[in-house]
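Contents: one structure, followed by commentary.
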Amino acid sequence: MKKEAKYIAGISLGIMGAGFAATLPFHDRLVSGIINGGFEAGLVGGLADWFAVTALFRHPLGLPIPHTALLPRNRKRITDALVHTLENDWLTKESIEAKIREVHMVDKLLDLLESEMTGSAFREAVQTIAVRVIRSIDTAIFVPILAQMGRDYIRSIDTKQLLDRLIEEAIAGEYDSKLFDFALSRASDWAVRTETKHKLGSMALSALNNLELDGFMQFALKSFAGMVNEEKLGSILQTLIVHGCDNLRRSGNKNRQAVLLYIREELARAGEHEGLQKAVENAKEVMVTRINLEEKIADMLTQLKERVLAYVQTEAFLDRQALPLLSCLLTDIKQDQGLCDRLEGWMKRQLVMLINRNHSKIGTLVRENLDRLTDETLIEMMEDKIGKDIQWIRVNGAVCGFLIGLVLASVRALAS
């Protein structure tokens with residue numbers, strides 16, 4: 001209750017009582033009698049309205065006068081009437097459904113999403129949803145599928161095309177030349193070893209002794225073999241191999257060019273070699289059967305999931321992927337009138353079904369909330385909301401009574 005209005009009502013009643021008491025000794029005079037009649041009527045009107053206003057909420061002066069404290073005594077009837085009015089007059093199913101049909105929900109929803117898209121709360125919500133979705137993905141279900149797809153892909157590779165492609169890359173990248181240089185380098189390193197010299201000398205001397213020639217050539221060979229030993233022969237052969245490798249490593253060497261030309265010609269024909277194709281086929285099957293693709297793919301998917309989770313929690317994900325994607329999606333939906341109409345119809349049908357199933361809960365909710373309040377709390381709330389206007393009824397009653405009293409006293413004075 002507004003204290004100002006209560007004080008004004010009390011003051012108005014006090015003025016009427018004071019005026020009546022002050023003019024009572026002079027009521028036999030014309031003017032003072034008329035004024036006394038006005039104050040008397042005003043006092044009666046103010047008291048009557050005070051009684052009526054008080055009787056709405058409680059017993060006046062605490063006396064159990066019949067037909068007072070109307071609100072506490074009739075609380076259940078008031079609640080029933082309010083619930084009935086809400087359910088059957090103000091918030092009927094038909095009225096709510098009619099109001100829902102008037103609202104363009106999809107347009108409002110899309111506009112709301114567009115307006116909220118740049119806000120921090122929306123950005124945080126998108127990021128949170130993305131993180132939860134990714135975390136909920138079970139990568140294990142993809143492992144056997146991807147592993148089988150990998151095996152099928154390896155088996156489907158055309159062996160001849162693969163060989164041709166490898167040969168083209170080898171020739172274009174001059175891998176044949178690099179491999180030849182590597183072989184010459186390893187051969188030169190092997191040839192300069194001491195144990196290699198002994199092996200070469202022993203092998204050469206044994207070959208000379210076992211070589212059978214005719215006539216003079218046999219004599220000359222025997223003479224040469226008698227002049228050298230294993231160490232000399234090994235040193236000669238070692239020198240020849242090292243110098244030969246050094247010469248072959250020079251880019252302008254004719255022998256090198258001839259060897260590389262031969263290698264490249266053989267490489268060009270290697271794609272047609274059935275044995276090589278079969279070897280590649282066998283290598284493919286080894287990859288399919290012996291490599292544990294499931295384990296490799298599971299590790300890759302786990303790492304991928306961790307990286308994606310880390311990325312979606314950055315501002316770059318929102319600014320470069322998520323928000324532009326959502327913006328394009330909203331634009332596409334707006335431009336597709338048929339889709340908007342279908343969404344509109346679906347949303348309204350769902351709301352109507354929801355209302356039909358839960359319409360009775362409106363009254364139940366109102367009743368439950370009112371039943372939670374004590375009589376004192378409910379009266380206090382009502383007096384706080386409408387008490388000011390009710391107290392002005394008392395003021396109006398006193399003032400109107402005073403004016404009516406003046407009129408009646410004047411009529412009485414004229415009649416006498």
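Starting from 1 in every chain, residues are counted up; chains themselves are A, B, ... following the order of the structure tokens, and ligands are numbered from 1 as listed.
Using only C-alpha atoms, the contacts of Arg73 of chain A at a cut-off of 12 Å, with sequence neighbours closer than 2 positions omitted, comprise Ala55, Leu56, Phe57, Arg58, His59, Pro64, Pro66, His67, Thr68, Ala69, Leu70, Leu71, Arg75, Lys76, Arg77, Ile78, Thr79, Asp375 and Ile379 of chain A.
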Could you write out the selected residues, including N, CA and C atoms, as a compact mmCIF listing (two decimals), in the first residue's frame?
```txt
# COMPACT_ATOMS: atom_id res chain seq x y z
N ALA A 55 -12.95 -3.90 4.69
CA ALA A 55 -13.66 -5.17 4.69
C ALA A 55 -13.25 -6.06 3.52
N LEU A 56 -12.66 -5.47 2.48
CA LEU A 56 -12.19 -6.29 1.37
C LEU A 56 -11.07 -7.23 1.81
N PHE A 57 -10.19 -6.72 2.70
CA PHE A 57 -8.98 -7.45 3.03
C PHE A 57 -8.98 -8.06 4.43
N ARG A 58 -9.66 -7.44 5.36
CA ARG A 58 -9.59 -7.92 6.73
C ARG A 58 -10.83 -7.48 7.51
N HIS A 59 -10.95 -7.89 8.79
CA HIS A 59 -12.05 -7.46 9.65
C HIS A 59 -11.77 -6.05 10.16
N PRO A 64 -15.04 -9.56 14.15
CA PRO A 64 -15.55 -10.53 13.17
C PRO A 64 -16.94 -10.15 12.67
N PRO A 66 -19.91 -9.81 10.13
CA PRO A 66 -20.28 -10.61 8.95
C PRO A 66 -19.98 -9.86 7.65
N HIS A 67 -19.65 -10.67 6.63
CA HIS A 67 -19.39 -10.15 5.27
C HIS A 67 -18.22 -9.17 5.24
N THR A 68 -17.23 -9.39 6.10
CA THR A 68 -15.97 -8.64 6.01
C THR A 68 -14.84 -9.63 5.79
N ALA A 69 -13.59 -9.11 5.58
CA ALA A 69 -12.44 -9.96 5.20
C ALA A 69 -12.81 -10.84 4.01
N LEU A 70 -13.33 -10.16 2.98
CA LEU A 70 -13.87 -10.89 1.83
C LEU A 70 -12.80 -11.70 1.08
N LEU A 71 -11.63 -11.12 0.91
CA LEU A 71 -10.59 -11.81 0.15
C LEU A 71 -10.13 -13.09 0.84
N ARG A 75 -11.07 -16.81 -0.90
CA ARG A 75 -9.84 -16.98 -1.69
C ARG A 75 -9.98 -18.09 -2.72
N LYS A 76 -10.52 -19.25 -2.34
CA LYS A 76 -10.66 -20.35 -3.28
C LYS A 76 -11.58 -19.97 -4.42
N ARG A 77 -12.70 -19.31 -4.12
CA ARG A 77 -13.62 -18.90 -5.18
C ARG A 77 -12.96 -17.90 -6.12
N ILE A 78 -12.18 -16.99 -5.55
CA ILE A 78 -11.49 -15.99 -6.40
C ILE A 78 -10.47 -16.70 -7.30
N THR A 79 -9.72 -17.65 -6.69
CA THR A 79 -8.72 -18.38 -7.49
C THR A 79 -9.39 -19.18 -8.59
N ASP A 375 -2.27 -15.82 3.19
CA ASP A 375 -3.27 -14.74 3.09
C ASP A 375 -2.63 -13.38 3.29
N ILE A 379 -2.60 -10.45 0.47
CA ILE A 379 -3.22 -9.14 0.77
C ILE A 379 -2.20 -8.03 0.62
```
Write out as CSV the residues of segment 257-316 of chain A that have any atom within 12 Å of an atom of segment 149-157 of chain A, one row each with the nearest atom pair and its distance in Å to one decimal, counting only C-alpha atoms, sorted by chain and then rising number.
```
residue,atom,partner,partner_atom,distance
A:Val280,CA,A:Ile157,CA,10.6
A:Glu281,CA,A:Arg155,CA,8.5
A:Asn282,CA,A:Arg155,CA,10.4
A:Ala283,CA,A:Ile154,CA,10.3
A:Lys284,CA,A:Ile154,CA,6.6
A:Glu285,CA,A:Arg155,CA,7.3
A:Val286,CA,A:Ile154,CA,10.5
A:Met287,CA,A:Ile154,CA,8.1
A:Val288,CA,A:Arg151,CA,5.5
A:Thr289,CA,A:Arg151,CA,8.5
A:Arg290,CA,A:Arg151,CA,11.0
A:Ile291,CA,A:Arg151,CA,9.9
A:Asn292,CA,A:Arg151,CA,10.6
A:Leu293,CA,A:Gly150,CA,7.9
A:Glu294,CA,A:Gly150,CA,9.9
A:Lys296,CA,A:Gly150,CA,11.2
A:Ile297,CA,A:Gly150,CA,9.6
```
Legend entry - Option closest in space to Ala41 of chain A, from A:Leu403, A:Met203, A:Met382, A:Thr128 [counting only C-alpha atoms]: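 The answer is A:Leu403, which sits nearest to Ala41 of chain A.
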Legend entry - Residue nearest Trp90 of chain A among A:Ala322, A:Val106, A:Ile362, A:Leu408 (counting only C-alpha atoms):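 Distance minimum relative to Trp90 of chain A lands on A:Ile362.
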Legend entry - Of the listed residues A:Phe39, A:Lys305, A:Ser360, A:Glu295, that which approaches Ile15 of chain A most closely, counting only C-alpha atoms: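 Residue with the minimum atom-to-atom distance to Ile15 of chain A: A:Phe39.
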Inset, instruction - Have a look at A:Val395, A:Ala52, A:Leu309, A:Leu339 and name the one nearest to Ser136 of chain A; count only C-alpha atoms. - result: A:Leu309
Legend entry - Spatial neighbours of segment 248-252 of chain A, max dist 9 Å, only C-alpha atoms, sep filter under 6 positions, as a PyMOL selection string: chain A and resi 180-181+184-185+259
Just to be explicit: take each residue in the selection above, keep C-alpha atoms, and write the result as a short mmCIF file (atom, residue, chain, number, x, y, z; two decimals), in the first residue's frame.
```
data_model
loop_
_atom_site.label_atom_id
_atom_site.label_comp_id
_atom_site.auth_asym_id
_atom_site.auth_seq_id
_atom_site.Cartn_x
_atom_site.Cartn_y
_atom_site.Cartn_z
CA PHE A 180 74.60 -44.77 -60.46
CA ASP A 181 76.82 -42.23 -58.68
CA LEU A 184 80.16 -45.97 -58.00
CA SER A 185 80.91 -44.24 -54.71
CA VAL A 259 75.89 -46.65 -69.24
#
```
Legend entry - Contacts of Asp80 of chain A at 9 Å (only C-alpha atoms; same-chain gap of 5+ positions) as a ChimeraX atom specification: /A:75,85,363,367
Inset, instruction - Could you check which of A:Gly10, A:Asn36, A:Gly17, A:Asn358 is closest to Val407 of chain A, using only C-alpha atoms? - result: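 Nearest candidate to Val407 of chain A out of A:Gly10, A:Asn36, A:Gly17, A:Asn358: A:Asn36.
Relative to atom CA of Val126 of chain A, atom CA of Phe317 of chain A is found at 10.3 Å.
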Legend entry - Top pick for closest residue to Val143 of chain A, considering A:Ala409, A:Ala258, A:Leu301, A:Met381 and counting only C-alpha atoms: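 The shortest atom-to-atom distance to Val143 of chain A comes from A:Leu301.
Note that the spacing between atom CA of Gly19 of chain A and atom CA of Gly397 of chain A amounts to 15.7 Å.
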Legend entry - alpha helix (DSSP H) residues, from DSSP on the backbone, in segment 35-231 of chain A, as a PyMOL selection string: chain A and resi 35-57+70-73+75-85+93-102+105-116+120-136+143-156+159-172+175-191+194-210+215-227+230-231
Inset, instruction - Determine, counting only C-alpha atoms, which protein, DNA and RNA residues have an atom within 9 Å of an atom of Gln127 of chain A; residues of the same chain fewer than 4 positions away are not included. Present the result as JSON, numbers by chain. - result: {"A": [122, 123, 131, 132, 312, 313, 314, 317, 318, 322]}
